file target-v3.cif (mmCIF, C-alpha atoms)
data_entry
#
loop_
_atom_site.label_atom_id
_atom_site.label_comp_id
_atom_site.auth_asym_id
_atom_site.auth_seq_id
_atom_site.Cartn_x
_atom_site.Cartn_y
_atom_site.Cartn_z
CA MET A 1 7.22 37.52 4.97
CA ILE A 2 8.63 37.60 8.49
CA ARG A 3 6.97 40.27 10.60
CA LYS A 4 8.07 41.54 13.93
CA GLU A 5 4.54 41.16 15.27
CA LEU A 6 4.68 37.44 14.54
CA VAL A 7 7.87 36.80 16.50
CA PHE A 8 7.41 35.75 20.11
CA VAL A 9 10.26 35.05 22.50
CA ASP A 10 9.66 33.58 25.96
CA GLU A 11 5.94 33.44 25.37
CA GLU A 12 3.89 32.09 28.26
CA VAL A 13 2.07 29.20 26.61
CA ASP A 14 1.38 25.83 28.19
CA SER A 15 0.29 23.67 25.31
CA GLN A 16 0.54 23.00 21.60
CA SER A 17 -2.95 24.36 20.96
CA GLU A 18 -2.32 27.50 23.00
CA ALA A 19 0.85 28.21 21.02
CA ILE A 20 -0.83 27.57 17.67
CA GLU A 21 -3.84 29.67 18.51
CA LYS A 22 -1.73 32.56 19.75
CA LEU A 23 0.17 32.72 16.45
CA VAL A 24 -2.93 32.27 14.31
CA HIS A 25 -4.85 34.88 16.23
CA GLN A 26 -2.03 37.37 15.77
CA ALA A 27 -1.85 36.60 12.04
CA VAL A 28 -5.55 37.39 11.79
CA GLN A 29 -5.03 40.67 13.62
CA LEU A 30 -2.33 41.55 11.08
CA GLN A 31 -4.68 40.57 8.27
CA VAL A 32 -2.33 38.05 6.72
CA ILE A 33 -5.08 35.49 7.36
CA GLU A 34 -8.71 36.15 6.63
CA ASP A 35 -10.55 33.48 8.59
CA GLU A 36 -9.17 32.15 11.86
CA GLU A 37 -11.31 28.99 11.90
CA SER A 38 -10.45 27.77 8.43
CA PHE A 39 -6.73 28.30 8.90
CA LEU A 40 -6.80 26.47 12.23
CA LYS A 41 -8.58 23.65 10.44
CA ALA A 42 -5.81 23.50 7.82
CA ILE A 43 -3.14 23.47 10.53
CA TYR A 44 -4.79 20.74 12.60
CA HIS A 45 -5.53 18.70 9.51
CA ARG A 46 -1.81 18.64 8.76
CA GLU A 47 -0.97 17.76 12.37
CA GLU A 48 -3.39 14.83 12.21
CA GLU A 49 -1.75 13.48 9.08
CA PHE A 50 1.50 13.48 10.93
CA SER A 51 2.80 15.54 13.82
CA THR A 52 5.00 18.40 12.66
CA ALA A 53 7.28 18.04 15.67
CA VAL A 54 10.32 16.93 13.70
CA GLY A 55 12.78 16.42 16.53
CA PHE A 56 15.58 18.64 17.89
CA GLY A 57 12.93 20.55 19.82
CA VAL A 58 11.39 21.98 16.63
CA ALA A 59 7.79 21.97 15.44
CA ILE A 60 6.57 23.49 12.18
CA PRO A 61 2.79 23.65 12.15
CA HIS A 62 1.79 24.70 8.63
CA GLY A 63 -1.22 25.11 6.47
CA MET A 64 -1.95 25.74 2.83
CA SER A 65 -5.26 27.52 2.43
CA ASP A 66 -6.77 30.36 0.47
CA THR A 67 -7.72 32.06 3.68
CA VAL A 68 -4.02 33.02 3.78
CA ARG A 69 -3.70 36.38 2.04
CA GLU A 70 0.04 36.49 1.97
CA ALA A 71 2.61 33.78 2.70
CA PHE A 72 3.99 34.21 6.20
CA VAL A 73 6.33 32.67 8.74
CA GLY A 74 5.62 33.10 12.43
CA PHE A 75 8.10 32.21 15.15
CA MET A 76 7.70 31.37 18.79
CA LYS A 77 10.09 30.34 21.52
CA PRO A 78 7.84 29.31 24.41
CA LYS A 79 9.07 30.25 27.86
CA HIS A 80 8.80 26.61 28.90
CA THR A 81 9.13 23.48 26.79
CA ILE A 82 5.76 22.37 25.45
CA LEU A 83 4.69 18.85 24.44
CA TRP A 84 3.58 18.22 20.89
CA GLY A 85 1.38 15.67 19.13
CA ASN A 86 0.50 12.11 20.04
CA GLU A 87 4.10 11.33 20.79
CA GLN A 88 4.29 14.30 23.15
CA LYS A 89 7.59 15.43 21.72
CA GLU A 90 9.36 18.27 23.51
CA VAL A 91 9.26 21.53 21.57
CA ASP A 92 11.30 24.66 22.26
CA LEU A 93 11.14 26.32 18.85
CA LEU A 94 8.04 26.74 16.78
CA PHE A 95 7.76 27.92 13.20
CA MET A 96 4.33 28.47 11.79
CA ILE A 97 4.02 28.64 8.02
CA GLY A 98 0.98 29.76 6.08
CA VAL A 99 0.75 29.68 2.29
CA PRO A 100 -2.14 30.54 -0.05
CA GLU A 101 -3.32 27.50 -1.94
CA SER A 102 -4.14 28.83 -5.38
CA ARG A 103 -2.10 32.01 -5.66
CA LYS A 104 1.28 30.36 -5.29
CA ASN A 105 4.25 32.64 -5.17
CA VAL A 106 7.37 30.70 -6.11
CA ILE A 107 9.72 33.16 -4.42
CA HIS A 108 7.83 32.83 -1.14
CA LEU A 109 7.81 29.07 -1.38
CA LYS A 110 11.53 29.05 -2.07
CA LEU A 111 12.22 31.28 0.91
CA ILE A 112 10.16 29.00 3.12
CA SER A 113 11.93 25.91 1.84
CA GLN A 114 15.29 27.51 2.61
CA ILE A 115 14.21 28.56 6.11
CA SER A 116 13.03 24.99 6.70
CA LYS A 117 16.43 23.71 5.64
CA ASN A 118 18.12 26.10 8.05
CA LEU A 119 16.13 24.57 10.89
CA MET A 120 18.10 21.37 10.38
CA LYS A 121 21.26 23.24 11.31
CA GLN A 122 22.25 23.20 14.95
CA GLU A 123 23.88 26.61 14.76
CA PHE A 124 20.65 28.23 13.54
CA ARG A 125 18.63 26.63 16.32
CA GLU A 126 21.15 27.58 18.99
CA LYS A 127 21.14 31.21 17.86
CA LEU A 128 17.37 31.33 18.13
CA LEU A 129 17.34 29.62 21.51
CA ALA A 130 19.80 32.24 22.77
CA CYS A 131 17.61 35.18 21.71
CA LYS A 132 16.48 37.13 24.73
CA ASN A 133 13.63 39.14 23.25
CA ASN A 134 11.36 39.51 20.23
CA ASP A 135 13.57 42.16 18.64
CA GLU A 136 16.69 40.04 18.74
CA ALA A 137 14.93 37.04 17.23
CA PHE A 138 13.25 39.16 14.58
CA GLN A 139 16.53 40.74 13.52
CA TYR A 140 18.24 37.37 13.28
CA LEU A 141 15.39 35.87 11.23
CA GLU A 142 15.25 38.94 9.01
CA LYS A 143 18.95 38.64 8.30
CA ILE A 144 18.61 34.97 7.40
CA ASN A 145 15.68 35.88 5.19
CA GLU A 146 17.72 38.52 3.39
CA ASP A 147 20.69 36.19 2.92
CA ILE A 148 18.41 33.58 1.38
CA ALA A 149 16.73 36.15 -0.87
CA LYS A 150 20.14 37.31 -2.09
CA GLU A 151 21.13 33.75 -2.93
CA LEU A 152 17.94 33.19 -4.86
CA ASN A 153 18.45 36.26 -7.01
CA MET B 154 29.30 5.40 -2.46
CA PHE B 155 26.86 7.41 -4.56
CA VAL B 156 23.40 7.94 -3.08
CA VAL B 157 20.48 9.38 -5.01
CA GLY B 158 17.07 10.04 -3.57
CA ILE B 159 13.83 11.96 -3.61
CA THR B 160 12.04 13.63 -0.73
CA ALA B 161 8.34 14.59 -0.85
CA CYS B 162 5.67 15.28 1.76
CA PRO B 163 1.92 16.01 1.56
CA THR B 164 1.96 19.83 1.60
CA GLY B 165 5.40 20.17 0.09
CA ILE B 166 6.21 23.33 1.99
CA ALA B 167 8.66 22.37 4.68
CA HIS B 168 9.23 18.66 5.38
CA THR B 169 10.34 17.90 1.83
CA TYR B 170 13.23 20.34 2.13
CA MET B 171 14.13 19.49 5.71
CA ALA B 172 14.38 15.83 4.72
CA GLN B 173 16.63 16.77 1.80
CA GLU B 174 18.91 18.80 4.05
CA SER B 175 19.01 16.04 6.63
CA LEU B 176 19.89 13.28 4.15
CA GLU B 177 22.51 15.46 2.49
CA ALA B 178 24.11 16.29 5.85
CA GLU B 179 24.26 12.60 6.82
CA CYS B 180 25.78 11.69 3.43
CA ARG B 181 28.39 14.43 3.85
CA ARG B 182 29.18 13.16 7.34
CA ARG B 183 29.82 9.71 5.91
CA GLY B 184 31.80 10.99 2.95
CA TYR B 185 29.23 9.72 0.42
CA GLU B 186 28.54 11.43 -2.88
CA TYR B 187 24.86 12.36 -3.15
CA HIS B 188 22.13 13.92 -5.25
CA ILE B 189 18.74 14.45 -3.62
CA GLU B 190 15.77 15.64 -5.66
CA THR B 191 12.83 17.41 -4.03
CA GLN B 192 9.21 17.26 -5.12
CA GLY B 193 7.35 19.96 -3.27
CA SER B 194 4.91 22.78 -3.86
CA ILE B 195 7.48 24.42 -6.16
CA GLY B 196 7.55 21.29 -8.30
CA ILE B 197 10.59 19.17 -9.04
CA GLU B 198 13.92 20.69 -8.08
CA ASN B 199 17.43 19.36 -8.30
CA GLU B 200 16.08 16.72 -10.67
CA LEU B 201 17.78 13.35 -10.95
CA SER B 202 18.96 12.49 -14.42
CA GLU B 203 18.83 9.01 -15.85
CA GLU B 204 22.59 8.95 -15.64
CA ASP B 205 22.48 9.74 -11.89
CA ILE B 206 20.00 6.92 -11.36
CA ASP B 207 22.04 4.45 -13.40
CA ARG B 208 25.22 5.30 -11.60
CA ALA B 209 23.77 5.25 -8.06
CA ASP B 210 24.78 2.63 -5.52
CA MET B 211 21.63 3.31 -3.53
CA ILE B 212 18.28 4.88 -4.47
CA ILE B 213 16.34 6.17 -1.47
CA LEU B 214 12.79 7.44 -1.95
CA ALA B 215 11.83 9.19 1.29
CA VAL B 216 8.31 10.07 0.27
CA SER B 217 4.86 10.04 1.79
CA ILE B 218 2.97 10.81 -1.42
CA GLN B 219 2.83 9.45 -4.94
CA ILE B 220 5.78 11.02 -6.73
CA GLU B 221 6.06 12.40 -10.24
CA GLU B 222 8.01 10.58 -12.88
CA GLU B 223 8.30 7.42 -10.84
CA GLU B 224 8.77 5.50 -14.09
CA ARG B 225 12.41 6.59 -13.96
CA PHE B 226 12.88 3.87 -11.35
CA GLU B 227 11.15 1.07 -13.20
CA GLY B 228 13.11 -2.14 -12.93
CA LYS B 229 15.52 -0.55 -10.45
CA ASN B 230 16.18 -1.72 -6.96
CA VAL B 231 14.74 1.08 -4.81
CA TYR B 232 14.68 1.57 -1.07
CA TYR B 233 11.50 3.26 0.18
CA GLY B 234 11.83 5.27 3.35
CA ASN B 235 9.65 7.67 5.23
CA VAL B 236 10.02 11.43 4.85
CA ASP B 237 9.59 12.06 8.57
CA GLU B 238 12.16 9.43 9.41
CA ALA B 239 14.55 11.09 6.97
CA ILE B 240 14.27 14.33 8.90
CA SER B 241 14.59 12.98 12.41
CA TYR B 242 16.74 9.88 11.91
CA PRO B 243 18.77 10.17 8.69
CA GLU B 244 21.43 7.79 10.05
CA ARG B 245 18.78 5.12 10.55
CA ILE B 246 17.42 5.48 7.05
CA LEU B 247 20.88 5.27 5.48
CA ASP B 248 21.73 2.22 7.61
CA LYS B 249 18.52 0.53 6.58
CA ALA B 250 19.22 1.32 2.94
CA LEU B 251 22.73 -0.15 3.24
CA GLU B 252 21.18 -3.29 4.66
CA HIS B 253 18.59 -3.38 1.87
CA TYR B 254 21.36 -3.30 -0.70
CA GLY B 255 23.49 -5.82 1.20
CA LEU B 256 26.24 -3.22 1.52
CA LYS B 257 26.52 -3.38 5.29
#
call {"tool": "encode", "arguments": {"input": "target-v3.cif", "output": "structure tokens"}}
result
Amino acid sequence: MIRKELVFVDEEVDSQSEAIEKLVHQAVQLQVIEDEESFLKAIYHREEEFSTAVGFGVAIPHGMSDTVREAFVGFMKPKHTILWGNEQKEVDLLFMIGVPESRKNVIHLKLISQISKNLMKQEFREKLLACKNNDEAFQYLEKINEDIAKELN
Amino acid sequence: MFVVGITACPTGIAHTYMAQESLEAECRRRGYEYHIETQGSIGIENELSEEDIDRADMIILAVSIQIEEEERFEGKNVYYGNVDEAISYPERILDKALEHYGLK
């Protein structure tokens, strides 16, 4: 569910839309999303309902759509703080979540809910902020993912 | 102090669970006993029993959608909060609930 190719550390993006589009575009390249436009629509629809910048420098743009082939979590730590939503909240960590709408996989949803919970923990955020490259961040996220999976079993 | 609550957001993928974690952490910090149910895309988890609801000093519904089995709270004094507020400002939501119940 977490792929190395969807982990970006110190990415040069200047805005919310640039960050979102970078992640979505990559997900399309990896074929976890079928149609770029419809997933972007799902993501922006959710942002319009209410900004997903939840505080503590974290934003979690997410979309539920059948253009998602396989549930995924993408991660980005922008090189510079970006501003998010109407409130222009500062964001340093970005988690993008995509879930298929009709083919729900409970295990995937549980993993995502646990990752979301981890985001509320300062230690988890600090570890991610300290990651120097994509590899380091990927390995940390992968480990968390495995720990959660073990707990669920 | 025993706090029960429910968290639920429109997509039920992330915010629901972040709000749960956030409320639980704030309750722990204050030394309160707690039981927070989630209603997300997985359905109802950590479900509140009637006994929990009867015994609770405060009932906090931090929801931005119509919840399932709301009839459990019929005739009860309930504090409605906002799921986003629960994530970002759990201390505020608990303070407001205390005020609502005249416990402050």
call {"tool": "resolve_selection", "arguments": {"input": "target-v3.cif", "expression": "the PyMOL selection byres ((chain B) within 8 of (chain A))", "output": "list in words"}}
result
Thr164, Ile166, Ala167, His168, Tyr170, Met171, Gln173, Glu174, Ser175, Ser194, Ile195, Asp237, Ile240 and Ser241 of chain B
call {"tool": "write_last_selection", "arguments": {"input": "target-v3.cif", "atoms": "C-alpha atoms", "output": "PDB file, keeping the file's coordinate frame"}}
result
ATOM      1  CA  THR B 164       1.960  19.830   1.600  1.00  0.00           C
ATOM      2  CA  ILE B 166       6.210  23.330   1.990  1.00  0.00           C
ATOM      3  CA  ALA B 167       8.660  22.370   4.680  1.00  0.00           C
ATOM      4  CA  HIS B 168       9.230  18.660   5.380  1.00  0.00           C
ATOM      5  CA  TYR B 170      13.230  20.340   2.130  1.00  0.00           C
ATOM      6  CA  MET B 171      14.130  19.490   5.710  1.00  0.00           C
ATOM      7  CA  GLN B 173      16.630  16.770   1.800  1.00  0.00           C
ATOM      8  CA  GLU B 174      18.910  18.800   4.050  1.00  0.00           C
ATOM      9  CA  SER B 175      19.010  16.040   6.630  1.00  0.00           C
ATOM     10  CA  SER B 194       4.910  22.780  -3.860  1.00  0.00           C
ATOM     11  CA  ILE B 195       7.480  24.420  -6.160  1.00  0.00           C
ATOM     12  CA  ASP B 237       9.590  12.060   8.570  1.00  0.00           C
ATOM     13  CA  ILE B 240      14.270  14.330   8.900  1.00  0.00           C
ATOM     14  CA  SER B 241      14.590  12.980  12.410  1.00  0.00           C
TER      15      SER B 241
END
call {"tool": "resolve_selection", "arguments": {"input": "target-v3.cif", "expression": "the PyMOL selection byres ((chain B and resi 229-234) around 9)", "output": "list in words"}}
result
Ile206, Asp207, Met211, Ile212, Ile213, Leu214, Ala215, Val216, Ser217, Arg225, Phe226, Glu227, Gly228, Asn235, Val236, Asp237, Glu238, Ala239, Ile246, Lys249, Ala250, His253 and Tyr254 of chain B
call {"tool": "write_last_selection", "arguments": {"input": "target-v3.cif", "atoms": "C-alpha atoms", "output": "compact mmCIF listing (two decimals), keeping the file's coordinate frame"}}
result
# COMPACT_ATOMS: atom_id res chain seq x y z
CA ILE B 206 20.00 6.92 -11.36
CA ASP B 207 22.04 4.45 -13.40
CA MET B 211 21.63 3.31 -3.53
CA ILE B 212 18.28 4.88 -4.47
CA ILE B 213 16.34 6.17 -1.47
CA LEU B 214 12.79 7.44 -1.95
CA ALA B 215 11.83 9.19 1.29
CA VAL B 216 8.31 10.07 0.27
CA SER B 217 4.86 10.04 1.79
CA ARG B 225 12.41 6.59 -13.96
CA PHE B 226 12.88 3.87 -11.35
CA GLU B 227 11.15 1.07 -13.20
CA GLY B 228 13.11 -2.14 -12.93
CA ASN B 235 9.65 7.67 5.23
CA VAL B 236 10.02 11.43 4.85
CA ASP B 237 9.59 12.06 8.57
CA GLU B 238 12.16 9.43 9.41
CA ALA B 239 14.55 11.09 6.97
CA ILE B 246 17.42 5.48 7.05
CA LYS B 249 18.52 0.53 6.58
CA ALA B 250 19.22 1.32 2.94
CA HIS B 253 18.59 -3.38 1.87
CA TYR B 254 21.36 -3.30 -0.70
call {"tool": "residues_around", "arguments": {"input": "target-v3.cif", "residues": "Pro100 of chain A", "least_positions_apart": "3", "cutoff": "7 Å", "atoms": "all atoms listed in the file", "output": "ChimeraX atom specification"}}
result
/A:64-71,103-104
call {"tool": "resolve_selection", "arguments": {"input": "target-v3.cif", "expression": "the PyMOL selection byres ((chain A and resi 30) around 12)", "output": "ChimeraX atom specification"}}
result
/A:2-6,23-29,31-36,68-70,72,74
call {"tool": "atom_distance", "arguments": {"input": "target-v3.cif", "atom1": "atom CA of Lys79 of chain A", "atom2": "atom CA of Val9 of chain A"}}
result
7.3 Å
call {"tool": "atom_distance", "arguments": {"input": "target-v3.cif", "atom1": "atom CA of Lys257 of chain B", "atom2": "atom CA of Gln219 of chain B"}}
result
28.8 Å
call {"tool": "build_atoms", "arguments": {"input": "target-v3.cif", "residues": "segment 11-22 of chain A", "atoms": "all heavy atoms", "output": "short mmCIF file (atom, residue, chain, number, x, y, z; two decimals), keeping the file's coordinate frame"}}
result
data_model
loop_
_atom_site.label_atom_id
_atom_site.label_comp_id
_atom_site.auth_asym_id
_atom_site.auth_seq_id
_atom_site.Cartn_x
_atom_site.Cartn_y
_atom_site.Cartn_z
N GLU A 11 7.38 33.31 25.25
CA GLU A 11 5.94 33.44 25.37
C GLU A 11 5.39 32.45 26.39
O GLU A 11 5.80 31.29 26.42
CB GLU A 11 5.31 33.19 23.98
CG GLU A 11 3.87 33.55 23.86
CD GLU A 11 3.58 35.04 24.03
OE1 GLU A 11 4.48 35.87 23.83
OE2 GLU A 11 2.43 35.34 24.38
N GLU A 12 4.49 32.95 27.23
CA GLU A 12 3.89 32.09 28.26
C GLU A 12 2.76 31.26 27.66
O GLU A 12 1.61 31.66 27.70
CB GLU A 12 3.31 32.95 29.39
CG GLU A 12 4.33 33.75 30.16
CD GLU A 12 4.90 32.99 31.36
OE1 GLU A 12 4.54 31.80 31.53
OE2 GLU A 12 5.69 33.57 32.10
N VAL A 13 3.11 30.11 27.10
CA VAL A 13 2.07 29.20 26.61
C VAL A 13 2.32 27.82 27.20
O VAL A 13 3.47 27.43 27.42
CB VAL A 13 2.05 29.09 25.06
CG1 VAL A 13 1.48 30.34 24.42
CG2 VAL A 13 3.44 28.82 24.52
N ASP A 14 1.24 27.11 27.49
CA ASP A 14 1.38 25.83 28.19
C ASP A 14 1.15 24.62 27.31
O ASP A 14 1.43 23.50 27.71
CB ASP A 14 0.38 25.75 29.36
CG ASP A 14 0.69 26.80 30.41
OD1 ASP A 14 1.89 27.06 30.62
OD2 ASP A 14 -0.26 27.37 30.99
N SER A 15 0.62 24.84 26.12
CA SER A 15 0.29 23.67 25.31
C SER A 15 0.47 23.98 23.83
O SER A 15 0.58 25.14 23.43
CB SER A 15 -1.16 23.26 25.56
OG SER A 15 -2.01 24.28 25.07
N GLN A 16 0.45 22.90 23.06
CA GLN A 16 0.54 23.00 21.60
C GLN A 16 -0.59 23.88 21.07
O GLN A 16 -0.35 24.81 20.28
CB GLN A 16 0.43 21.59 21.02
CG GLN A 16 0.34 21.55 19.52
CD GLN A 16 0.13 20.12 19.00
OE1 GLN A 16 0.10 19.16 19.77
NE2 GLN A 16 0.02 19.99 17.69
N SER A 17 -1.81 23.62 21.52
CA SER A 17 -2.95 24.36 20.96
C SER A 17 -2.88 25.84 21.36
O SER A 17 -3.20 26.72 20.55
CB SER A 17 -4.27 23.74 21.38
OG SER A 17 -4.36 23.67 22.78
N GLU A 18 -2.42 26.10 22.58
CA GLU A 18 -2.32 27.50 23.00
C GLU A 18 -1.30 28.25 22.13
O GLU A 18 -1.54 29.39 21.71
CB GLU A 18 -1.89 27.55 24.47
CG GLU A 18 -2.44 28.75 25.21
CD GLU A 18 -1.96 28.79 26.65
OE1 GLU A 18 -2.00 27.74 27.32
OE2 GLU A 18 -1.53 29.87 27.10
N ALA A 19 -0.19 27.59 21.84
CA ALA A 19 0.85 28.21 21.02
C ALA A 19 0.34 28.46 19.60
O ALA A 19 0.50 29.55 19.04
CB ALA A 19 2.09 27.33 21.00
N ILE A 20 -0.31 27.45 19.03
CA ILE A 20 -0.83 27.57 17.67
C ILE A 20 -1.86 28.69 17.60
O ILE A 20 -1.80 29.55 16.71
CB ILE A 20 -1.46 26.23 17.21
CG1 ILE A 20 -0.37 25.19 16.92
CG2 ILE A 20 -2.34 26.42 15.96
CD1 ILE A 20 -0.88 23.81 16.54
N GLU A 21 -2.76 28.68 18.56
CA GLU A 21 -3.84 29.67 18.51
C GLU A 21 -3.35 31.10 18.71
O GLU A 21 -3.84 32.04 18.08
CB GLU A 21 -4.94 29.30 19.51
CG GLU A 21 -5.88 28.27 18.87
CD GLU A 21 -6.54 27.31 19.85
OE1 GLU A 21 -6.87 27.75 20.97
OE2 GLU A 21 -6.71 26.13 19.50
N LYS A 22 -2.33 31.24 19.55
CA LYS A 22 -1.73 32.56 19.75
C LYS A 22 -1.19 33.12 18.43
O LYS A 22 -1.43 34.27 18.04
CB LYS A 22 -0.61 32.46 20.79
CG LYS A 22 0.24 33.67 20.95
CD LYS A 22 -0.25 34.55 22.05
CE LYS A 22 0.30 35.97 21.86
NZ LYS A 22 -0.19 36.89 22.86
#
